[in-house]
Each structure stands twice: as structure tokens, then as C-alpha cells.
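Source file: input.txt; contents: compact mmCIF, C-alpha atoms and all ligand atoms.
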```txt
# COMPACT_ATOMS: atom_id res chain seq x y z
CA MET A 20 132.48 -242.74 206.99
CA ASN A 21 135.68 -242.11 208.92
CA LEU A 22 135.41 -242.95 212.61
CA ILE A 23 137.68 -242.88 215.63
CA LEU A 24 137.03 -244.99 218.71
CA LEU A 25 138.55 -243.27 221.71
CA GLY A 26 138.69 -244.45 225.31
CA PRO A 27 140.96 -246.09 227.87
CA PRO A 28 142.40 -249.57 227.34
CA GLY A 29 139.68 -252.10 228.08
CA ALA A 30 136.82 -249.77 227.19
CA GLY A 31 135.70 -252.18 224.47
CA LYS A 32 137.08 -250.27 221.47
CA GLY A 33 138.44 -253.37 219.74
CA SER A 34 135.28 -255.48 220.08
CA GLN A 35 133.01 -252.61 219.06
CA ALA A 36 135.26 -251.70 216.14
CA LYS A 37 135.09 -255.31 214.86
CA SER A 38 131.31 -255.33 215.01
CA LEU A 39 130.97 -251.86 213.39
CA ALA A 40 133.43 -252.82 210.64
CA ILE A 41 131.15 -255.71 209.63
CA ARG A 42 128.02 -253.58 209.89
CA TYR A 43 129.38 -250.73 207.75
CA GLY A 44 131.62 -252.79 205.47
CA ILE A 45 134.69 -250.70 206.24
CA PRO A 46 137.97 -251.83 207.81
CA GLN A 47 138.96 -251.68 211.45
CA VAL A 48 142.41 -250.12 211.67
CA SER A 49 143.88 -251.11 215.03
CA THR A 50 147.42 -249.90 215.67
CA GLY A 51 147.65 -252.32 218.62
CA ASP A 52 146.83 -255.30 216.34
CA ILE A 53 149.27 -254.10 213.66
CA LEU A 54 152.02 -253.64 216.26
CA ARG A 55 151.37 -257.03 217.91
CA ALA A 56 151.59 -258.74 214.50
CA ALA A 57 154.89 -256.91 213.87
CA VAL A 58 156.26 -258.05 217.25
CA ARG A 59 155.13 -261.64 216.57
CA ASP A 60 156.79 -261.62 213.12
CA LYS A 61 159.92 -259.89 214.49
CA THR A 62 159.88 -257.24 211.75
CA GLY A 63 161.99 -254.06 212.05
CA LEU A 64 158.92 -252.23 213.36
CA GLY A 65 158.18 -255.04 215.82
CA VAL A 66 161.71 -255.03 217.23
CA LYS A 67 161.52 -251.24 217.76
CA ALA A 68 158.03 -251.35 219.31
CA LYS A 69 158.35 -254.35 221.65
CA SER A 70 160.06 -252.75 224.64
CA TYR A 71 157.55 -249.88 224.74
CA MET A 72 154.58 -252.25 224.50
CA ASP A 73 155.90 -254.63 227.14
CA ARG A 74 156.01 -251.87 229.73
CA GLY A 75 152.70 -250.30 228.72
CA ALA A 76 154.28 -247.17 227.25
CA LEU A 77 153.30 -245.62 223.95
CA VAL A 78 155.30 -246.48 220.86
CA PRO A 79 156.87 -243.26 219.48
CA ASP A 80 154.50 -241.09 217.45
CA ASN A 81 156.58 -241.15 214.25
CA LEU A 82 156.43 -244.96 214.02
CA VAL A 83 152.69 -245.15 214.66
CA VAL A 84 151.82 -242.26 212.35
CA GLU A 85 153.79 -243.98 209.57
CA ILE A 86 151.82 -247.22 210.09
CA VAL A 87 148.50 -245.39 209.85
CA ALA A 88 149.58 -243.31 206.83
CA GLU A 89 150.47 -246.52 204.96
CA ARG A 90 147.29 -248.29 206.05
CA LEU A 91 144.90 -245.47 205.11
CA LYS A 92 146.36 -245.35 201.59
CA LYS A 93 145.07 -248.86 200.87
CA ASP A 94 142.03 -249.24 198.60
CA ASP A 95 139.82 -250.78 201.29
CA CYS A 96 139.89 -247.48 203.24
CA GLU A 97 138.48 -245.58 200.25
CA SER A 98 134.88 -245.52 201.55
CA GLY A 99 135.79 -245.23 205.22
CA PHE A 100 137.60 -246.76 208.18
CA ILE A 101 137.39 -247.20 211.93
CA LEU A 102 140.49 -246.13 213.82
CA ASP A 103 140.82 -248.20 216.98
CA GLY A 104 143.56 -247.23 219.45
CA PHE A 105 144.76 -244.36 217.29
CA PRO A 106 145.27 -241.44 217.79
CA ARG A 107 146.62 -241.66 221.33
CA THR A 108 148.42 -238.31 221.54
CA ILE A 109 147.66 -234.78 220.37
CA MET A 110 150.55 -235.07 217.90
CA GLN A 111 148.99 -238.20 216.37
CA ALA A 112 145.59 -236.48 216.16
CA GLU A 113 147.11 -233.51 214.37
CA ALA A 114 149.02 -235.81 212.03
CA VAL A 115 145.95 -237.80 211.02
CA GLY A 116 143.97 -234.57 210.54
CA ALA A 117 146.65 -233.24 208.19
CA MET A 118 146.93 -236.58 206.40
CA LEU A 119 143.20 -236.72 205.72
CA GLY A 120 143.03 -233.02 204.85
CA ALA A 121 145.59 -233.60 202.08
CA LEU A 122 143.29 -236.31 200.66
CA GLY A 123 140.19 -234.07 200.91
CA LYS A 124 138.82 -236.22 203.75
CA LYS A 125 138.07 -235.69 207.43
CA ILE A 126 137.12 -237.51 210.62
CA ASP A 127 133.32 -237.65 210.74
CA ARG A 128 132.79 -238.86 214.30
CA VAL A 129 134.86 -239.56 217.38
CA ILE A 130 133.20 -242.00 219.75
CA ASN A 131 134.52 -241.68 223.28
CA LEU A 132 133.79 -244.85 225.26
CA GLU A 133 133.78 -244.04 228.95
CA VAL A 134 134.60 -246.70 231.57
CA ALA A 135 135.71 -246.19 235.19
CA HIS A 136 139.23 -247.11 236.35
CA LYS A 137 138.20 -249.97 238.68
CA GLU A 138 136.08 -251.63 236.02
CA ILE A 139 138.96 -251.45 233.53
CA VAL A 140 141.35 -253.30 235.80
CA LYS A 141 138.73 -256.05 236.21
CA ARG A 142 138.16 -256.27 232.48
CA LEU A 143 141.80 -256.26 231.37
CA SER A 144 143.15 -258.67 233.96
CA GLY A 145 140.55 -261.28 232.92
CA ARG A 146 141.15 -260.90 229.20
CA ARG A 147 142.54 -263.86 227.21
CA VAL A 148 143.43 -263.98 223.52
CA CYS A 149 143.85 -266.87 221.07
CA ARG A 150 147.45 -267.08 219.89
CA ASN A 151 146.30 -268.53 216.59
CA CYS A 152 143.25 -266.53 215.43
CA GLY A 153 143.24 -263.53 217.77
CA GLU A 154 139.73 -264.22 219.14
CA GLY A 155 139.18 -262.49 222.48
CA TYR A 156 137.69 -264.01 225.66
CA HIS A 157 137.17 -262.97 229.27
CA ILE A 158 137.47 -265.47 232.11
CA ILE A 159 134.29 -264.10 233.76
CA PHE A 160 132.26 -262.18 231.18
CA ASN A 161 132.92 -264.32 228.08
CA PRO A 162 134.64 -267.56 229.15
CA PRO A 163 135.79 -270.17 226.63
CA VAL A 164 134.45 -273.72 227.03
CA ASP A 165 137.98 -274.96 227.80
CA ASP A 166 139.94 -272.32 229.72
CA LYS A 167 143.14 -273.06 227.77
CA LYS A 168 141.76 -273.39 224.24
CA CYS A 169 139.97 -271.19 221.72
CA ASP A 170 136.33 -272.25 221.07
CA LYS A 171 136.68 -271.41 217.39
CA CYS A 172 140.04 -272.87 216.32
CA LYS A 173 141.32 -274.73 219.41
CA GLY A 174 144.40 -272.45 219.42
CA GLU A 175 146.18 -271.78 222.72
CA LEU A 176 144.73 -268.98 224.85
CA TYR A 177 147.17 -266.59 226.51
CA GLN A 178 147.19 -263.44 228.59
CA ARG A 179 148.83 -260.46 226.89
CA ASP A 180 151.90 -259.36 228.88
CA ASP A 181 150.47 -255.86 229.01
CA ASP A 182 147.21 -257.19 230.52
CA LYS A 183 149.05 -258.18 233.72
CA GLU A 184 148.13 -256.03 236.70
CA ASP A 185 151.31 -253.91 237.01
CA THR A 186 151.29 -253.01 233.35
CA ILE A 187 147.57 -252.20 233.43
CA GLU A 188 148.21 -249.42 235.96
CA ALA A 189 151.05 -248.08 233.79
CA ARG A 190 148.77 -248.09 230.72
CA LEU A 191 146.01 -246.26 232.59
CA LYS A 192 148.48 -243.59 233.71
CA VAL A 193 149.68 -243.19 230.13
CA TYR A 194 146.05 -242.90 229.02
CA GLU A 195 145.28 -240.17 231.55
CA GLU A 196 148.40 -238.17 230.74
CA GLN A 197 148.71 -238.54 226.99
CA THR A 198 145.41 -239.71 225.51
CA ALA A 199 142.64 -238.20 227.68
CA PRO A 200 143.48 -234.67 226.40
CA LEU A 201 142.09 -235.84 223.04
CA VAL A 202 138.59 -235.73 224.51
CA ASP A 203 138.78 -231.94 224.69
CA PHE A 204 140.66 -231.74 221.40
CA TYR A 205 137.79 -233.43 219.51
CA LYS A 206 135.08 -231.78 221.62
CA LYS A 207 136.34 -228.42 220.38
CA LYS A 208 136.14 -229.70 216.80
CA GLY A 209 132.50 -230.69 217.41
CA SER A 210 132.97 -234.31 216.34
CA LEU A 211 132.99 -236.01 219.76
CA VAL A 212 130.19 -238.10 221.24
CA THR A 213 130.70 -239.68 224.66
CA ILE A 214 129.03 -243.03 225.32
CA ASP A 215 128.83 -245.01 228.55
CA GLY A 216 130.99 -248.09 227.94
CA ILE A 217 129.28 -250.11 230.68
CA GLY A 218 126.33 -252.22 229.58
CA GLY A 219 125.37 -254.92 227.11
CA PHE A 220 127.55 -255.21 224.03
CA GLN A 221 124.65 -254.80 221.53
CA GLU A 222 123.19 -251.93 223.51
CA ILE A 223 126.50 -250.06 223.28
CA THR A 224 126.79 -250.84 219.56
CA GLU A 225 123.32 -249.33 218.99
CA LYS A 226 124.27 -246.20 220.92
CA ILE A 227 127.36 -245.84 218.73
CA VAL A 228 125.32 -246.38 215.55
CA ASN A 229 122.86 -243.67 216.64
CA ALA A 230 125.74 -241.32 217.46
CA VAL A 231 127.20 -241.94 214.01
CA LYS A 232 123.82 -241.07 212.45
CA GLY A 233 123.87 -237.88 214.48
CA LYS A 234 120.87 -238.87 216.64
P1 LIG A 301 146.12 -251.62 222.33
O1 LIG A 301 145.93 -253.00 221.80
O2 LIG A 301 145.42 -250.57 221.50
O3 LIG A 301 145.83 -251.51 223.79
O4 LIG A 301 147.69 -251.30 222.15
C1 LIG A 301 148.68 -252.08 222.79
C2 LIG A 301 149.98 -251.31 222.88
O5 LIG A 301 150.44 -250.96 221.56
C3 LIG A 301 149.90 -249.96 223.61
O6 LIG A 301 150.00 -250.11 225.01
C4 LIG A 301 151.09 -249.22 223.01
O7 LIG A 301 152.31 -249.69 223.54
C5 LIG A 301 151.02 -249.66 221.55
N1 LIG A 301 150.14 -248.75 220.76
C6 LIG A 301 148.97 -249.06 220.14
N2 LIG A 301 148.46 -247.99 219.51
C7 LIG A 301 149.32 -246.97 219.74
C8 LIG A 301 149.34 -245.59 219.38
N3 LIG A 301 148.34 -245.04 218.66
N4 LIG A 301 150.40 -244.84 219.80
C9 LIG A 301 151.40 -245.38 220.52
N5 LIG A 301 151.44 -246.65 220.91
C10 LIG A 301 150.41 -247.46 220.53
```
Could you take the file, read its structure, and then write that structure out as C-alpha cells?
Amino acid sequence: MNLILLGPPGAGKGSQAKSLAIRYGIPQVSTGDILRAAVRDKTGLGVKAKSYMDRGALVPDNLVVEIVAERLKKDDCESGFILDGFPRTIMQAEAVGAMLGALGKKIDRVINLEVAHKEIVKRLSGRRVCRNCGEGYHIIFNPPVDDKKCDKCKGELYQRDDDKEDTIEARLKVYEEQTAPLVDFYKKKGSLVTIDGIGGFQEITEKIVNAVKGK
């Protein structure tokens, strides 16, 4: 089962992808997570990507496509994968289509999580992440016991630079201009299902699971 989770930043793609990955026993492939790890480790990729990420711009297509091509070749993607945060441009969508076509595979479903602009700003600006284990929190919707420490590993909680209010607006603009056209792109291919991203976490997961089953 090869899935794509589409939607603006803060739509809940990452959290849903984590839960679906456990449910289906297939990996979550998040280009944002891979890039953040590269920036943290100061690899060649990380050094190239950092300035784009810091200002909320997209990292160039060729770099991101290369990451995904390498990742999808790994054995754990053999029986399926969940792409989270990729593709983000038409060029990336065409590249992944060609990549999979060459392997005799295809994208089975594209889940488009829909969330309004105002709600996104609220969600992203309250988001906090553990520097140590990557666990996500929200200061209002999912607060940690201690507002500076991770409940799970006691690591330090921080706010991603790109979750600060100025950068959020830049990311939303980038989404509208470069990523939103993918909704039509996949609609035309017949693989898109749009789901309301507002509601209880489990409720949204169930809607996605039903969409995957074709219900
Ligand atoms: P995310 O965690 O998915 O919101 O991604 C964080 C940042 O990583 C984005 O704002 C981009 O700078 C970069 N990024 C992640 N995925 C992609 C992608 N598919 N194409 C280009 N840039 C990406």
C-alpha cells in the first residue's frame, strides 16, 4: 500500500502518518524529518537545505527527489510506505510517479487533509518538539506536564524556527502557490480523497483508513 498524505503544514500529516505506519506496518517517509536530521547532523544535504528551511521556502526539487529515491529503495518500503510532506510540487509528483512506474509500482491513495488558514496558524504557533526524541506537543491541545521537558524522555522542548509566526505565513503562501496544485493533479488521476482535518485524532484516522479501503 503506497500512500501520500497531502495538506498544508499543520494539517496533522505527521501525526496521522505515524499512527498509520504502526497500523499498517509500513514506514512513514517524511522529507521534513529527514531534512531536519540532516541539518542537525550538519551533513552536506543539511548545509544545503538549512537556509531554505529557515525561511519557510521549499528545498530544491532535485535534492528532495534524490532523498526519496534513496529512501524508497530500502527493503522496508517493499510492501508499502506513507509519504508525508512529499511531493510538494508538480515536478516532485511527476518524479515519484516515474520512479514508482520503473519499479512496477504506483501510488494507491492520496489523502488530502483539509484545514483552514486561521486554524493552521493556531496549531503551528503552539507546536513544541522534543530535541532528543522528536515527540510532538501542543501548548494548548496536547500540553506536556512540564512545559520545558518531554513527558517521555525528559529531553528539552523547543519551538521549530519555522513554526514562528512570520515563517508560518511564508510556508502557507508556498503551500498555496506550489503544493495546492497537487490536489487537482491527483484528482485527475482518480487517487485523491479529501478529508476534513478538523476533529478528534482517532476520528480522522478512521476516516483515512476507510478512504484507503475505498469506502
Ligand atoms: P515539514 O516538516 O514537512 O513541514 O517540512 C519542513 C521544511 O522542510 C519545509 O518547510 C521545507 O523547507 C522542507 N521540505 C520538506 N519536505 C519538502 C519537499 N517535499 N520539498 C521541498 N522542501 C521540503
Which residues sit within 10 Å of ligand LIG 301 (chain A), counting only C-alpha atoms and all ligand atoms, listed as a PyMOL selection string? chain A and resi 26-30+32-33+49-55+68-84+86-87+102-108+110-112+143+179+181-182+186-187+189-191+193-194+197-198
Go ahead and compute the interatomic distance for CA of Val231 (chain A) and CA of Ile23 (chain A), in Å to one decimal. 10.6 Å
Report, as JSON, the axis-aligned box around all atoms of region 102-121 of chain A present in the file, extended by 6 Å on each side; give centre and edge lengths in Å to one decimal place.
```
{"center_x": 145.5, "center_y": -240.6, "center_z": 211.8, "size_x": 22.1, "size_y": 27.2, "size_z": 31.5}
```
What is the distance, in Å and to one decimal place, between CA of Pro46 (chain A) and CA of Leu201 (chain A)?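 Computing the Euclidean distance for CA of Pro46 (chain A) and CA of Leu201 (chain A) yields 22.5 Å.
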Tyr177 (chain A) environment, 7 Å, only C-alpha atoms, sequence neighbours closer than 2 positions dropped, as a VMD selection string: chain A and resid 147 to 150 175 179
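Counting all atoms listed in the file and comparing A:Asn161, A:Asn151, A:Thr213, A:Thr62, the residue that lies closest to Glu133 (chain A) is A:Thr213.
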Among the residues A:Ile126, A:Ala36, A:Ile139, A:Ile227, the one that comes closest to Gly209 (chain A) [using only C-alpha atoms]: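 Between A:Ile126, A:Ala36, A:Ile139, A:Ile227, the residue approaching Gly209 (chain A) most closely is A:Ile126.
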Restricting the calculation to all atoms listed in the file, which member of A:Asp165, A:Glu154, A:Asp203, A:Asp127 is positioned closest to Met20 (chain A)?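 Looking only at the distances to Met20 (chain A), the closest residue turns out to be A:Asp127.
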Atom-to-atom span, CA of Leu24 (chain A) and CA of Leu39 (chain A), Å: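 Between CA of Leu24 (chain A) and CA of Leu39 (chain A) the gap works out to 10.6 Å.
Environment of (137.5, -231.3, 214.9): residues at most 12 Å away, judged by all atoms listed in the file, are Ile23, Ala112, Glu113, Val115, Gly116, Ala117, Gly120, Lys125, Ile126, Asp127, Arg128, Val129, Leu201, Val202, Asp203, Phe204, Tyr205, Lys206, Lys207, Lys208, Gly209, Ser210, Leu211 and Val212 of chain A.
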Residues within 8 Å of Thr224 (chain A), only C-alpha atoms, excluding chain neighbours under 4 positions, as a PyMOL selection string: chain A and resi 35+38-39+220+228
Store the residues picked out above, limited to C-alpha atoms, as a PDB file, in the coordinates of the input.
```pdb
ATOM      1  CA  GLN A  35     133.010-252.610 219.060  1.00  0.00           C
ATOM      2  CA  SER A  38     131.310-255.330 215.010  1.00  0.00           C
ATOM      3  CA  LEU A  39     130.970-251.860 213.390  1.00  0.00           C
ATOM      4  CA  PHE A 220     127.550-255.210 224.030  1.00  0.00           C
ATOM      5  CA  VAL A 228     125.320-246.380 215.550  1.00  0.00           C
TER       6      VAL A 228
END
```
Counting all atoms listed in the file, closest pick from A:Ile217, A:Val66, A:Ala57, A:Ala230 relative to Lys137 (chain A) is A:Ile217
